[in-house]
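Novice: What follows is a structure written as structure tokens; I'll ask about it next.
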Amino acid sequence: MEYTITKACKKDLNELVILYEEARNFMHTHGNPNQWNDGHPAADDLLKDIEQGILYVLKSDGKIDGAFVYYEGIDPTYLKIDGAWLNNRPYGVGHKVVSSRKRKGTGSLIIDYLKKHSHYVRMDTHEDNLPMQNLLKKEGFVYCGTIYLANDDPRMAFMFDPDYQQT
């Protein structure tokens, strides 16, 4: 099945709101009740990401199968880590990764996109989000420690560095 990854646009917003709501419900009923439990990301958050040009959609057959935020630059929540990043070189950031679960491998396609666009990639996830942790490890990300969101919620921090050799 063919797919495309493009920047999201305003006409995608309604479908994105539904996609994130379904993902939030799935997480909350499958062992991850504490991530995105405040309705995050809300429509306003998604619209802001669209306007900033950092929200992307993965589509096949005209439908959104996945979405994610991607940008290069410093993520303020990554400045302090209980642990250590693999390196301090410029990196890309992946956030708000979501899948409709209708297309097998959507998460890997999103991660592949991130790795193709940034040599080094940093991401984080909730400690209860085992599917995301497993995906990141499968895709070569290394657990680096704990970061804290602006509201002080802890998140597990991961980094992809293709040159990193685990010992």
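Every chain in the structure tokens takes a letter, A first, then B, and so on in the order presented; its residues are numbered from 1, and the ligands are numbered from 1 following the presented order.
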Residues at most 12 Å from Asp61 of chain A, counting only C-alpha atoms, excluding those fewer than 4 positions away in the same chain, as a PyMOL selection string?

Specialist: chain A and resi 1-4+65+102-103

Novice: When you look at Gly140 of chain A with a cut-off of 12 Å (counting only C-alpha atoms), what residues show up, excluding the ones that are within fewer than 6 positions of it in the same chain? I need them as a PyMOL selection string.

Specialist: chain A and resi 108+111-112+115+120-122+133-134+158-166

Novice: For the strand (DSSP E or B) assignment from backbone DSSP, which residues of chain A qualify? Please present them as a PDB file with N, CA and C atoms, in the first residue's frame.

Specialist:
ATOM      1  N   THR A   4       1.923   8.538   1.798  1.00  0.00           N
ATOM      2  CA  THR A   4       2.645   9.804   1.686  1.00  0.00           C
ATOM      3  C   THR A   4       2.758  10.421   3.075  1.00  0.00           C
ATOM      4  N   ILE A   5       3.820  11.168   3.277  1.00  0.00           N
ATOM      5  CA  ILE A   5       3.976  11.963   4.487  1.00  0.00           C
ATOM      6  C   ILE A   5       4.145  13.405   4.045  1.00  0.00           C
ATOM      7  N   THR A   6       3.233  14.239   4.520  1.00  0.00           N
ATOM      8  CA  THR A   6       3.249  15.657   4.173  1.00  0.00           C
ATOM      9  C   THR A   6       2.933  16.483   5.419  1.00  0.00           C
ATOM     10  N   LYS A   7       3.194  17.778   5.321  1.00  0.00           N
ATOM     11  CA  LYS A   7       2.789  18.656   6.408  1.00  0.00           C
ATOM     12  C   LYS A   7       1.272  18.677   6.485  1.00  0.00           C
ATOM     13  N   LEU A  55       3.521  19.897  12.179  1.00  0.00           N
ATOM     14  CA  LEU A  55       2.674  18.711  12.290  1.00  0.00           C
ATOM     15  C   LEU A  55       2.588  18.039  10.923  1.00  0.00           C
ATOM     16  N   TYR A  56       2.856  16.756  10.903  1.00  0.00           N
ATOM     17  CA  TYR A  56       2.872  15.976   9.669  1.00  0.00           C
ATOM     18  C   TYR A  56       1.813  14.880   9.731  1.00  0.00           C
ATOM     19  N   VAL A  57       1.344  14.481   8.562  1.00  0.00           N
ATOM     20  CA  VAL A  57       0.386  13.380   8.467  1.00  0.00           C
ATOM     21  C   VAL A  57       0.920  12.315   7.527  1.00  0.00           C
ATOM     22  N   LEU A  58       0.640  11.082   7.888  1.00  0.00           N
ATOM     23  CA  LEU A  58       0.931   9.941   7.030  1.00  0.00           C
ATOM     24  C   LEU A  58      -0.418   9.485   6.490  1.00  0.00           C
ATOM     25  N   LYS A  59      -0.554   9.506   5.176  1.00  0.00           N
ATOM     26  CA  LYS A  59      -1.827   9.152   4.553  1.00  0.00           C
ATOM     27  C   LYS A  59      -1.660   7.998   3.580  1.00  0.00           C
ATOM     28  N   SER A  60      -2.698   7.183   3.507  1.00  0.00           N
ATOM     29  CA  SER A  60      -2.824   6.199   2.437  1.00  0.00           C
ATOM     30  C   SER A  60      -4.293   6.168   2.038  1.00  0.00           C
ATOM     31  N   LYS A  63      -6.719   8.822   3.435  1.00  0.00           N
ATOM     32  CA  LYS A  63      -7.060   8.875   4.865  1.00  0.00           C
ATOM     33  C   LYS A  63      -5.794   9.010   5.696  1.00  0.00           C
ATOM     34  N   ILE A  64      -5.918   9.688   6.829  1.00  0.00           N
ATOM     35  CA  ILE A  64      -4.791   9.847   7.741  1.00  0.00           C
ATOM     36  C   ILE A  64      -4.639   8.581   8.571  1.00  0.00           C
ATOM     37  N   ASP A  65      -3.491   7.938   8.430  1.00  0.00           N
ATOM     38  CA  ASP A  65      -3.182   6.739   9.210  1.00  0.00           C
ATOM     39  C   ASP A  65      -2.297   7.054  10.412  1.00  0.00           C
ATOM     40  N   GLY A  66      -1.653   8.204  10.388  1.00  0.00           N
ATOM     41  CA  GLY A  66      -0.779   8.575  11.483  1.00  0.00           C
ATOM     42  C   GLY A  66      -0.445  10.047  11.407  1.00  0.00           C
ATOM     43  N   ALA A  67       0.080  10.553  12.517  1.00  0.00           N
ATOM     44  CA  ALA A  67       0.484  11.957  12.562  1.00  0.00           C
ATOM     45  C   ALA A  67       1.604  12.099  13.590  1.00  0.00           C
ATOM     46  N   PHE A  68       2.342  13.195  13.467  1.00  0.00           N
ATOM     47  CA  PHE A  68       3.441  13.438  14.394  1.00  0.00           C
ATOM     48  C   PHE A  68       3.947  14.859  14.216  1.00  0.00           C
ATOM     49  N   VAL A  69       4.562  15.349  15.272  1.00  0.00           N
ATOM     50  CA  VAL A  69       5.255  16.632  15.229  1.00  0.00           C
ATOM     51  C   VAL A  69       6.721  16.342  14.965  1.00  0.00           C
ATOM     52  N   TYR A  70       7.317  17.114  14.060  1.00  0.00           N
ATOM     53  CA  TYR A  70       8.747  16.993  13.783  1.00  0.00           C
ATOM     54  C   TYR A  70       9.320  18.382  13.586  1.00  0.00           C
ATOM     55  N   TYR A  71      10.436  18.627  14.238  1.00  0.00           N
ATOM     56  CA  TYR A  71      11.189  19.854  13.993  1.00  0.00           C
ATOM     57  C   TYR A  71      12.635  19.631  14.387  1.00  0.00           C
ATOM     58  N   GLU A  72      13.487  20.485  13.881  1.00  0.00           N
ATOM     59  CA  GLU A  72      14.895  20.470  14.262  1.00  0.00           C
ATOM     60  C   GLU A  72      15.151  21.680  15.139  1.00  0.00           C
ATOM     61  N   ASP A  82      17.799  13.771  33.722  1.00  0.00           N
ATOM     62  CA  ASP A  82      18.363  12.906  34.753  1.00  0.00           C
ATOM     63  C   ASP A  82      18.907  11.697  34.008  1.00  0.00           C
ATOM     64  N   GLY A  83      20.158  11.768  33.641  1.00  0.00           N
ATOM     65  CA  GLY A  83      20.807  10.789  32.780  1.00  0.00           C
ATOM     66  C   GLY A  83      21.730  11.556  31.853  1.00  0.00           C
ATOM     67  N   GLY A  92      16.925  16.326  15.661  1.00  0.00           N
ATOM     68  CA  GLY A  92      15.516  16.476  15.334  1.00  0.00           C
ATOM     69  C   GLY A  92      14.692  15.956  16.497  1.00  0.00           C
ATOM     70  N   VAL A  93      13.477  16.433  16.587  1.00  0.00           N
ATOM     71  CA  VAL A  93      12.585  16.066  17.674  1.00  0.00           C
ATOM     72  C   VAL A  93      11.315  15.459  17.098  1.00  0.00           C
ATOM     73  N   GLY A  94      10.879  14.362  17.691  1.00  0.00           N
ATOM     74  CA  GLY A  94       9.601  13.755  17.335  1.00  0.00           C
ATOM     75  C   GLY A  94       8.673  13.785  18.534  1.00  0.00           C
ATOM     76  N   HIS A  95       7.475  14.324  18.350  1.00  0.00           N
ATOM     77  CA  HIS A  95       6.478  14.408  19.420  1.00  0.00           C
ATOM     78  C   HIS A  95       5.102  14.039  18.866  1.00  0.00           C
ATOM     79  N   LYS A  96       4.184  13.781  19.765  1.00  0.00           N
ATOM     80  CA  LYS A  96       2.764  13.575  19.446  1.00  0.00           C
ATOM     81  C   LYS A  96       2.561  12.514  18.365  1.00  0.00           C
ATOM     82  N   VAL A  97       3.352  11.456  18.429  1.00  0.00           N
ATOM     83  CA  VAL A  97       3.229  10.379  17.449  1.00  0.00           C
ATOM     84  C   VAL A  97       1.925   9.625  17.713  1.00  0.00           C
ATOM     85  N   VAL A  98       1.147   9.452  16.665  1.00  0.00           N
ATOM     86  CA  VAL A  98      -0.145   8.791  16.795  1.00  0.00           C
ATOM     87  C   VAL A  98      -0.397   7.937  15.554  1.00  0.00           C
ATOM     88  N   SER A  99      -1.068   6.818  15.775  1.00  0.00           N
ATOM     89  CA  SER A  99      -1.419   5.914  14.681  1.00  0.00           C
ATOM     90  C   SER A  99      -2.892   5.558  14.784  1.00  0.00           C
ATOM     91  N   VAL A 121      18.064  11.953  16.526  1.00  0.00           N
ATOM     92  CA  VAL A 121      16.662  12.209  16.854  1.00  0.00           C
ATOM     93  C   VAL A 121      16.451  11.949  18.347  1.00  0.00           C
ATOM     94  N   ARG A 122      15.726  12.863  18.985  1.00  0.00           N
ATOM     95  CA  ARG A 122      15.347  12.705  20.388  1.00  0.00           C
ATOM     96  C   ARG A 122      13.827  12.628  20.486  1.00  0.00           C
ATOM     97  N   MET A 123      13.383  11.740  21.372  1.00  0.00           N
ATOM     98  CA  MET A 123      11.952  11.568  21.621  1.00  0.00           C
ATOM     99  C   MET A 123      11.762  11.215  23.092  1.00  0.00           C
ATOM    100  N   ASP A 124      10.529  11.325  23.554  1.00  0.00           N
ATOM    101  CA  ASP A 124      10.225  10.906  24.915  1.00  0.00           C
ATOM    102  C   ASP A 124       8.843  10.282  24.953  1.00  0.00           C
ATOM    103  N   THR A 125       8.597   9.522  26.012  1.00  0.00           N
ATOM    104  CA  THR A 125       7.287   8.905  26.180  1.00  0.00           C
ATOM    105  C   THR A 125       7.028   8.645  27.654  1.00  0.00           C
ATOM    106  N   VAL A 142      17.977   4.609  22.001  1.00  0.00           N
ATOM    107  CA  VAL A 142      18.585   4.211  23.260  1.00  0.00           C
ATOM    108  C   VAL A 142      17.958   5.028  24.385  1.00  0.00           C
ATOM    109  N   TYR A 143      17.587   4.349  25.468  1.00  0.00           N
ATOM    110  CA  TYR A 143      17.062   5.046  26.634  1.00  0.00           C
ATOM    111  C   TYR A 143      18.188   5.847  27.268  1.00  0.00           C
ATOM    112  N   CYS A 144      17.952   7.145  27.508  1.00  0.00           N
ATOM    113  CA  CYS A 144      18.995   8.038  28.017  1.00  0.00           C
ATOM    114  C   CYS A 144      18.728   8.562  29.420  1.00  0.00           C
ATOM    115  N   GLY A 145      17.508   8.487  29.913  1.00  0.00           N
ATOM    116  CA  GLY A 145      17.188   8.992  31.240  1.00  0.00           C
ATOM    117  C   GLY A 145      15.802   9.588  31.279  1.00  0.00           C
ATOM    118  N   THR A 146      15.576  10.465  32.249  1.00  0.00           N
ATOM    119  CA  THR A 146      14.268  11.079  32.460  1.00  0.00           C
ATOM    120  C   THR A 146      14.346  12.580  32.221  1.00  0.00           C
ATOM    121  N   ILE A 147      13.378  13.075  31.449  1.00  0.00           N
ATOM    122  CA  ILE A 147      13.220  14.521  31.270  1.00  0.00           C
ATOM    123  C   ILE A 147      11.894  14.896  31.923  1.00  0.00           C
ATOM    124  N   TYR A 148      11.663  16.188  32.086  1.00  0.00           N
ATOM    125  CA  TYR A 148      10.432  16.660  32.714  1.00  0.00           C
ATOM    126  C   TYR A 148       9.753  17.674  31.816  1.00  0.00           C
ATOM    127  N   PRO A 154       7.210  13.571  34.520  1.00  0.00           N
ATOM    128  CA  PRO A 154       8.400  12.889  34.000  1.00  0.00           C
ATOM    129  C   PRO A 154       8.094  12.128  32.721  1.00  0.00           C
ATOM    130  N   ARG A 155       9.115  12.028  31.867  1.00  0.00           N
ATOM    131  CA  ARG A 155       9.005  11.231  30.646  1.00  0.00           C
ATOM    132  C   ARG A 155      10.327  10.506  30.422  1.00  0.00           C
ATOM    133  N   MET A 156      10.219   9.314  29.880  1.00  0.00           N
ATOM    134  CA  MET A 156      11.400   8.542  29.505  1.00  0.00           C
ATOM    135  C   MET A 156      11.971   9.136  28.225  1.00  0.00           C
ATOM    136  N   ALA A 157      13.267   9.454  28.241  1.00  0.00           N
ATOM    137  CA  ALA A 157      13.914  10.105  27.105  1.00  0.00           C
ATOM    138  C   ALA A 157      14.725   9.089  26.306  1.00  0.00           C
ATOM    139  N   PHE A 158      14.571   9.139  24.993  1.00  0.00           N
ATOM    140  CA  PHE A 158      15.270   8.241  24.081  1.00  0.00           C
ATOM    141  C   PHE A 158      15.972   9.052  23.009  1.00  0.00           C
ATOM    142  N   MET A 159      17.054   8.486  22.476  1.00  0.00           N
ATOM    143  CA  MET A 159      17.779   9.162  21.391  1.00  0.00           C
ATOM    144  C   MET A 159      18.233   8.136  20.371  1.00  0.00           C
ATOM    145  N   PHE A 160      18.175   8.562  19.113  1.00  0.00           N
ATOM    146  CA  PHE A 160      18.718   7.761  18.016  1.00  0.00           C
ATOM    147  C   PHE A 160      20.008   8.426  17.543  1.00  0.00           C
TER     148      PHE A 160
END

Novice: Check segment 62-113 of chain A with DSSP on the backbone and list each residue it calls helix (DSSP H, G or I), as a VMD selection string.

Specialist: chain A and resid 76 to 78 106 to 113

Novice: Export C-alpha atoms of the chosen residues as a short mmCIF file (atom, residue, chain, number, x, y, z; two decimals), in the first residue's frame?

Specialist:
data_model
loop_
_atom_site.label_atom_id
_atom_site.label_comp_id
_atom_site.auth_asym_id
_atom_site.auth_seq_id
_atom_site.Cartn_x
_atom_site.Cartn_y
_atom_site.Cartn_z
CA PRO A 76 13.39 23.18 26.08
CA THR A 77 12.26 20.07 27.95
CA TYR A 78 15.40 18.27 26.76
CA THR A 106 2.69 3.18 10.79
CA GLY A 107 4.94 3.85 13.79
CA SER A 108 7.98 2.49 11.97
CA LEU A 109 7.19 4.58 8.88
CA ILE A 110 7.04 7.69 11.06
CA ILE A 111 10.32 6.83 12.81
CA ASP A 112 11.96 6.17 9.43
CA TYR A 113 10.89 9.63 8.30
#

Novice: Using only C-alpha atoms, which of A:Asn32, A:Asp12, A:Lys137, A:Val17 sits nearest Asp45 of chain A?

Specialist: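 Ranking A:Asn32, A:Asp12, A:Lys137, A:Val17 by distance to Asp45 of chain A, first place goes to A:Val17.
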
Novice: Extract, using only C-alpha atoms, all DNA, RNA and protein residues at most 12 Å from Asn37 of chain A, discarding same-chain residues fewer than 6 positions from it, and format them as an NGL selection string.

Specialist: :A and (20-21 or 23-29 or 126 or 153)
